[in-house]
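Asks: Just passing along the structure, written as structure tokens.
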Amino acid sequence: MSVDHETFQLLKQSIQRFVRERLVPAEDQVEEQDEVPSDIIAELRELGLFGISIPEEYGGIGLTMAQECEIAYELGQTALAFRSVVGTNIGIGSQGILMDGTPEQKTDYLPRIAAGELVVSFALTEPDAGSDAASLTTRAVADGNDYLITGTKRYITNAPRAGAFTLMARTGGPGASGITAFIVPADASGISLGKPDKKMGQRGTKTCDVTLDHVRVPASQIIGGVAGRGFKTAMKVLDRGRLHISAIACGMAHRILQESVAYARDRKQFGQRIGDFQLIQAMLADSQAELLAGWSMVKEVALRYDAKAFGVADANVSMQASCAKMFTTEMVGRVADRGVQIHGGAGYINEYKVERFYRDVRLLRLYEGTTQIQQMVIGRHLIDFQG
Ligand code: COS
């Protein structure tokens, strides 16, 4: 699955133009209204952005991971709420179905997901199961040919927009092997949504609790049709998601650096541009070098990901995806911090973009696995596998 170089360049240029001409000018509106306007969501759909990672045979664009990261880099250069609208369809919501779903599940769901007709969310996290995902307690109990699912899922991105959830629930005993992945329609009886979460940043993104009370789903909704494989599906999805987030982090670092350079050229103190002071240049240089390091890492790991059979677990690539996620999300935190510092007091004022980007990027170090979880994945790999 890949798109030829020329077609890809045209797609990338159209996304670059869309980000610059349509999304960047709408950032203030999203920040003020805490909502991505519906006409922009329609345009994201027309551009095919919901389906970039889904193969052409299912109606998507079928980008490789390396290509997807380049698009994510572009989308990272504006308020992260726009990316979030399409993010679960591109990544964590759809990929479990694509990697491990039955042929029927793929033909039934993927074309609608790719078209953006169906928004799909990933429901793994629970009130008492965050980093320790294998301890989740949402229960799916067999009842004839169905399962009855009961439990609460927390911080579920796009839940208020979702038409379906790829949801991990326990069908067996404790630990990872007792977990099964289901596709659960959002309108199933017994599902209720919590109040929208009030977050530190990323205004316009939609997250909330999803509570399931004896939600009946047929056994045919088990991803791949086999119980007990859900944890591995979730981990493979997260490996991929972590690379996508790494590319977003680099795109955002690029934008913050641009904002910082523009301010440093414009702002005058002590009779000259602050950008002419070496202490300001040092901060800009550190950010530029770290961005280049992070982006080089993401591109390299994405190529290695593509070199493996799609969806097949590879401990080495998982470890490298964690390296990329850890480095780039910490990197953008430092870039944002320097961005605020370069802006001085103005950097603490909401009308300057760096103030909100500083809040927005804080989440990147938390979701799809905290930095400490990435360290654990890397550390364990070195101790257990490295020759
Ligand atoms: N790909 C495929 N399989 C994987 C895998 C991966 N990346 N990582 C682990 N597995 C498999 C293991 O091989 C193991 O299989 P076996 O029992 O057959 O050996 C099984 O899954 C359990 O793995 P492990 O013992 O490593 O599980 P742990 O409970 O120790 O958890 C971590 C591993 C901590 C890495 C996992 O829980 C995790 O990623 N937590 C963070 C969750 C997260 O990112 N949440 C964000 C919410 S979504 S926005």
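So you can find residues: chains in the structure tokens are A, B, ... in the order shown, residues in each start at 1, and ligands are numbered from 1 in order.
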Taking a cut-off of 9 Å and counting only C-alpha atoms, can you build a table that, for each residue of region 158-188 of chain A near region 195-215 of chain A, reports the nearest atom pair and how far apart they are in Å (one decimal), sorted by chain then residue number, as JSON lines?

Replies:
{"residue": "A:Asn158", "atom": "CA", "partner": "A:Lys206", "partner_atom": "CA", "distance": 5.1}
{"residue": "A:Ala159", "atom": "CA", "partner": "A:Thr207", "partner_atom": "CA", "distance": 6.1}
{"residue": "A:Pro160", "atom": "CA", "partner": "A:Lys206", "partner_atom": "CA", "distance": 6.6}
{"residue": "A:Arg161", "atom": "CA", "partner": "A:Lys206", "partner_atom": "CA", "distance": 7.8}
{"residue": "A:Val184", "atom": "CA", "partner": "A:Val215", "partner_atom": "CA", "distance": 8.7}
{"residue": "A:Ala188", "atom": "CA", "partner": "A:Val215", "partner_atom": "CA", "distance": 6.6}

Asks: Name all residues at most 10 Å from Arg304 (chain A) (count only C-alpha atoms; drop same-chain ones fewer than 3 positions away) and give them as number ranges by chain.

Replies: A: 65-66, 298-301, 307-308, 316-317, 320-321

Asks: Could you turn the residues from that selection into a file that holds C-alpha atoms, as a PDB file, in the first residue's frame?

Replies:
ATOM      1  CA  MET A  65       3.638   5.277   7.544  1.00  0.00           C
ATOM      2  CA  ALA A  66       6.451   7.477   6.245  1.00  0.00           C
ATOM      3  CA  VAL A 298      10.597   9.990  13.071  1.00  0.00           C
ATOM      4  CA  LYS A 299      11.319   9.641   9.347  1.00  0.00           C
ATOM      5  CA  GLU A 300      13.859   6.911   9.976  1.00  0.00           C
ATOM      6  CA  VAL A 301      11.620   4.884  12.303  1.00  0.00           C
ATOM      7  CA  ALA A 307       9.787  -2.235   5.927  1.00  0.00           C
ATOM      8  CA  LYS A 308       8.000  -4.697   8.239  1.00  0.00           C
ATOM      9  CA  ASN A 316      12.484  -3.594  17.745  1.00  0.00           C
ATOM     10  CA  VAL A 317      10.224  -1.216  15.822  1.00  0.00           C
ATOM     11  CA  GLN A 320      12.009   2.647  18.251  1.00  0.00           C
ATOM     12  CA  ALA A 321       8.485   4.115  18.035  1.00  0.00           C
TER      13      ALA A 321
END

Asks: Excluding Leu124 (chain A) and its own-chain neighbours fewer than 6 positions away, which residues fall within 9 Å of it when counting only C-alpha atoms? Please give them as a PyMOL selection string.

Replies: chain A and resi 130+133+136+153-154+156+166-169+234

Asks: With C-alpha atoms kept, could you save the residues just selected as a PDB file, in the first residue's frame?

Replies:
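Result file follows (again_2.pdb):
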ATOM      1  CA  GLY A 130      -4.367   4.181  32.390  1.00  0.00           C
ATOM      2  CA  ALA A 133      -3.788  -0.931  30.401  1.00  0.00           C
ATOM      3  CA  LEU A 136      -8.779  -2.879  32.683  1.00  0.00           C
ATOM      4  CA  LYS A 153     -13.992   4.202  29.551  1.00  0.00           C
ATOM      5  CA  ARG A 154     -12.243   7.522  30.288  1.00  0.00           C
ATOM      6  CA  ILE A 156     -12.145   8.974  25.029  1.00  0.00           C
ATOM      7  CA  THR A 166     -12.995  -0.015  19.061  1.00  0.00           C
ATOM      8  CA  LEU A 167     -13.269  -1.018  22.662  1.00  0.00           C
ATOM      9  CA  MET A 168     -11.174  -3.283  24.841  1.00  0.00           C
ATOM     10  CA  ALA A 169     -13.058  -5.365  27.421  1.00  0.00           C
ATOM     11  CA  ALA A 234      -4.264  -2.341  21.165  1.00  0.00           C
TER      12      ALA A 234
END

Asks: Find the residues of region 172-269 of chain A that sit at most 8 Å from region 287-296 of chain A; for each, write down the nearest two atoms and how far apart they are in Å, to one decimal. Count only C-alpha atoms. Sort by chain, then by number going up, and give it as a Markdown table.

Replies:
| residue | atom | partner | partner_atom | distance |
| --- | --- | --- | --- | --- |
| A:Ala247 | CA | A:Trp295 | CA | 7.0 |
| A:Cys250 | CA | A:Trp295 | CA | 6.0 |
| A:Ala253 | CA | A:Leu291 | CA | 6.6 |
| A:His254 | CA | A:Leu291 | CA | 7.1 |
| A:Leu257 | CA | A:Ser287 | CA | 7.0 |

Asks: How would you write, as number ranges by chain, the set of residues in region 165-320 of chain A that DSSP gives as alpha helix (DSSP H)?

Replies: A: 230-266, 278-307, 315-320

Asks: How would you report the residues lying within 6 Å of ligand 1, as a list in words, if you count only C-alpha atoms and all ligand atoms?

Replies: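 I would give the residues around ligand 1 as Leu124, Thr125, Gly130, Ser131, Asp132, Ala133, Ala134, Ala176, Lys232, Met235, Lys236, Asp239, Ala313, Ser318, Tyr367, Glu368, Gly369, Ile373 and Val377 of chain A.
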
Asks: Identify which of the residues A:Ala142, A:Gly51, A:Asp187, A:Gly345 lies closest to Leu98 (chain A), counting only C-alpha atoms when measuring atom-to-atom distances.

Replies: A:Gly51

Asks: I want to know what sits within 9 Å of Gly178 (chain A), based on only C-alpha atoms, with residues of the same chain fewer than 6 positions away left out; could you give that as a list in words?

Replies: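 Within the cut-off, the hits are Ala134, Ala169, Arg170, Thr171, Gly172, Ala227, Gly228, Arg229, Gly230 and Phe231 of chain A.
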
Asks: What is the CA of Leu49 (chain A) to CA of Thr88 (chain A) distance in Å?

Replies: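 Between CA of Leu49 (chain A) and CA of Thr88 (chain A) the gap works out to 11.2 Å.
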
Asks: Could you pull the residues within 8 Å of Ile183 (chain A), counting only C-alpha atoms, minus those fewer than 4 positions along the same chain, as an mmCIF file with all heavy atoms, in the first residue's frame?

Replies:
data_model
loop_
_atom_site.group_PDB
_atom_site.id
_atom_site.type_symbol
_atom_site.label_atom_id
_atom_site.label_comp_id
_atom_site.auth_asym_id
_atom_site.auth_seq_id
_atom_site.Cartn_x
_atom_site.Cartn_y
_atom_site.Cartn_z
ATOM 1 N N ALA A 164 -18.850 4.739 16.286
ATOM 2 C CA ALA A 164 -18.445 3.412 16.771
ATOM 3 C C ALA A 164 -17.192 3.550 17.630
ATOM 4 O O ALA A 164 -16.446 4.534 17.509
ATOM 5 C CB ALA A 164 -18.170 2.474 15.596
ATOM 6 N N PHE A 165 -17.000 2.552 18.483
ATOM 7 C CA PHE A 165 -15.800 2.492 19.324
ATOM 8 C C PHE A 165 -15.074 1.189 19.058
ATOM 9 O O PHE A 165 -15.721 0.144 18.960
ATOM 10 C CB PHE A 165 -16.173 2.520 20.819
ATOM 11 C CG PHE A 165 -16.949 3.738 21.221
ATOM 12 C CD1 PHE A 165 -18.334 3.694 21.340
ATOM 13 C CD2 PHE A 165 -16.301 4.939 21.464
ATOM 14 C CE1 PHE A 165 -19.061 4.826 21.690
ATOM 15 C CE2 PHE A 165 -17.012 6.078 21.817
ATOM 16 C CZ PHE A 165 -18.397 6.023 21.926
ATOM 17 N N THR A 166 -13.750 1.232 18.935
ATOM 18 C CA THR A 166 -12.995 -0.015 19.061
ATOM 19 C C THR A 166 -12.630 -0.070 20.534
ATOM 20 O O THR A 166 -11.866 0.762 21.040
ATOM 21 C CB THR A 166 -11.759 -0.070 18.140
ATOM 22 O OG1 THR A 166 -10.974 1.098 18.309
ATOM 23 C CG2 THR A 166 -12.168 -0.141 16.689
ATOM 24 N N LEU A 167 -13.227 -1.039 21.193
ATOM 25 C CA LEU A 167 -13.269 -1.018 22.662
ATOM 26 C C LEU A 167 -12.699 -2.305 23.236
ATOM 27 O O LEU A 167 -13.028 -3.401 22.795
ATOM 28 C CB LEU A 167 -14.735 -0.840 23.062
ATOM 29 C CG LEU A 167 -15.059 -0.730 24.542
ATOM 30 C CD1 LEU A 167 -16.148 0.324 24.759
ATOM 31 C CD2 LEU A 167 -15.488 -2.062 25.136
ATOM 32 N N GLN A 221 -18.852 -9.040 16.469
ATOM 33 C CA GLN A 221 -18.217 -7.720 16.600
ATOM 34 C C GLN A 221 -16.837 -7.798 17.247
ATOM 35 O O GLN A 221 -16.161 -6.777 17.419
ATOM 36 C CB GLN A 221 -19.103 -6.766 17.419
ATOM 37 C CG GLN A 221 -20.423 -6.405 16.747
ATOM 38 C CD GLN A 221 -20.224 -5.671 15.433
ATOM 39 O OE1 GLN A 221 -20.286 -6.262 14.351
ATOM 40 N NE2 GLN A 221 -19.957 -4.384 15.505
ATOM 41 N N ILE A 222 -16.413 -9.003 17.621
ATOM 42 C CA ILE A 222 -15.048 -9.149 18.146
ATOM 43 C C ILE A 222 -14.075 -8.940 16.989
ATOM 44 O O ILE A 222 -14.208 -9.592 15.934
ATOM 45 C CB ILE A 222 -14.833 -10.554 18.763
ATOM 46 C CG1 ILE A 222 -15.660 -10.691 20.039
ATOM 47 C CG2 ILE A 222 -13.351 -10.813 19.030
ATOM 48 C CD1 ILE A 222 -15.552 -12.067 20.686
ATOM 49 N N ILE A 223 -13.115 -8.053 17.174
ATOM 50 C CA ILE A 223 -12.150 -7.792 16.092
ATOM 51 C C ILE A 223 -11.357 -9.071 15.805
ATOM 52 O O ILE A 223 -10.737 -9.641 16.709
ATOM 53 C CB ILE A 223 -11.222 -6.613 16.449
ATOM 54 C CG1 ILE A 223 -12.048 -5.314 16.503
ATOM 55 C CG2 ILE A 223 -10.077 -6.492 15.438
ATOM 56 C CD1 ILE A 223 -11.263 -4.058 16.823
#

Asks: What's the 6 Å shell around Gln77 (chain A), counting only C-alpha atoms, without same-chain residues fewer than 3 positions away, as a ChimeraX atom specification?

Replies: /A:74,251-252,255

Asks: Extract, using only C-alpha atoms, all DNA, RNA and protein residues at most 10 Å from Ser220 (chain A), discarding same-chain residues fewer than 4 positions from it, and format them as a PyMOL selection string.

Replies: chain A and resi 102+104-105+145-147+182-183+224-226

Asks: Could you turn the residues from that selection into a file that holds C-alpha atoms, as a PDB file, in the first residue's frame?

Replies:
ATOM      1  CA  THR A 102     -12.089 -10.127   9.671  1.00  0.00           C
ATOM      2  CA  GLU A 104     -16.308  -8.745   6.686  1.00  0.00           C
ATOM      3  CA  GLN A 105     -15.403  -6.223   9.384  1.00  0.00           C
ATOM      4  CA  ASN A 145     -24.186 -15.507  20.558  1.00  0.00           C
ATOM      5  CA  ASP A 146     -23.812 -12.069  22.103  1.00  0.00           C
ATOM      6  CA  TYR A 147     -21.726 -10.335  24.728  1.00  0.00           C
ATOM      7  CA  PHE A 182     -14.840  -5.230  20.079  1.00  0.00           C
ATOM      8  CA  ILE A 183     -16.354  -2.872  17.549  1.00  0.00           C
ATOM      9  CA  GLY A 224     -10.784 -10.753  14.159  1.00  0.00           C
ATOM     10  CA  GLY A 225     -13.462 -13.011  15.638  1.00  0.00           C
ATOM     11  CA  VAL A 226     -11.170 -14.439  18.324  1.00  0.00           C
TER      12      VAL A 226
END

Asks: Find the residues of region 210-313 of chain A that sit at most 8 Å from region 337-341 of chain A; for each, write down the nearest two atoms and how far apart they are in Å, to one decimal. Count only C-alpha atoms. Sort by chain, then by number going up, and give it as CSV.

Replies:
residue,atom,partner,partner_atom,distance
A:Ile256,CA,A:Gly339,CA,6.4
A:Leu257,CA,A:Gly339,CA,6.9
A:Glu259,CA,A:Gly339,CA,7.7
A:Ser260,CA,A:Gly339,CA,5.4
A:Met283,CA,A:Arg338,CA,6.3
A:Leu284,CA,A:Arg338,CA,7.8
A:Ser287,CA,A:Arg338,CA,7.8

Asks: Store the residues picked out above in a file with C-alpha atoms, as an mmCIF file, in the first residue's frame.

Replies:
data_model
loop_
_atom_site.group_PDB
_atom_site.id
_atom_site.type_symbol
_atom_site.label_atom_id
_atom_site.label_comp_id
_atom_site.auth_asym_id
_atom_site.auth_seq_id
_atom_site.Cartn_x
_atom_site.Cartn_y
_atom_site.Cartn_z
ATOM 1 C CA ILE A 256 6.389 27.365 17.460
ATOM 2 C CA LEU A 257 9.889 27.969 16.136
ATOM 3 C CA GLU A 259 6.402 32.083 15.717
ATOM 4 C CA SER A 260 9.476 32.550 17.901
ATOM 5 C CA MET A 283 17.389 29.410 22.374
ATOM 6 C CA LEU A 284 16.356 29.430 18.714
ATOM 7 C CA SER A 287 15.071 24.440 19.224
#
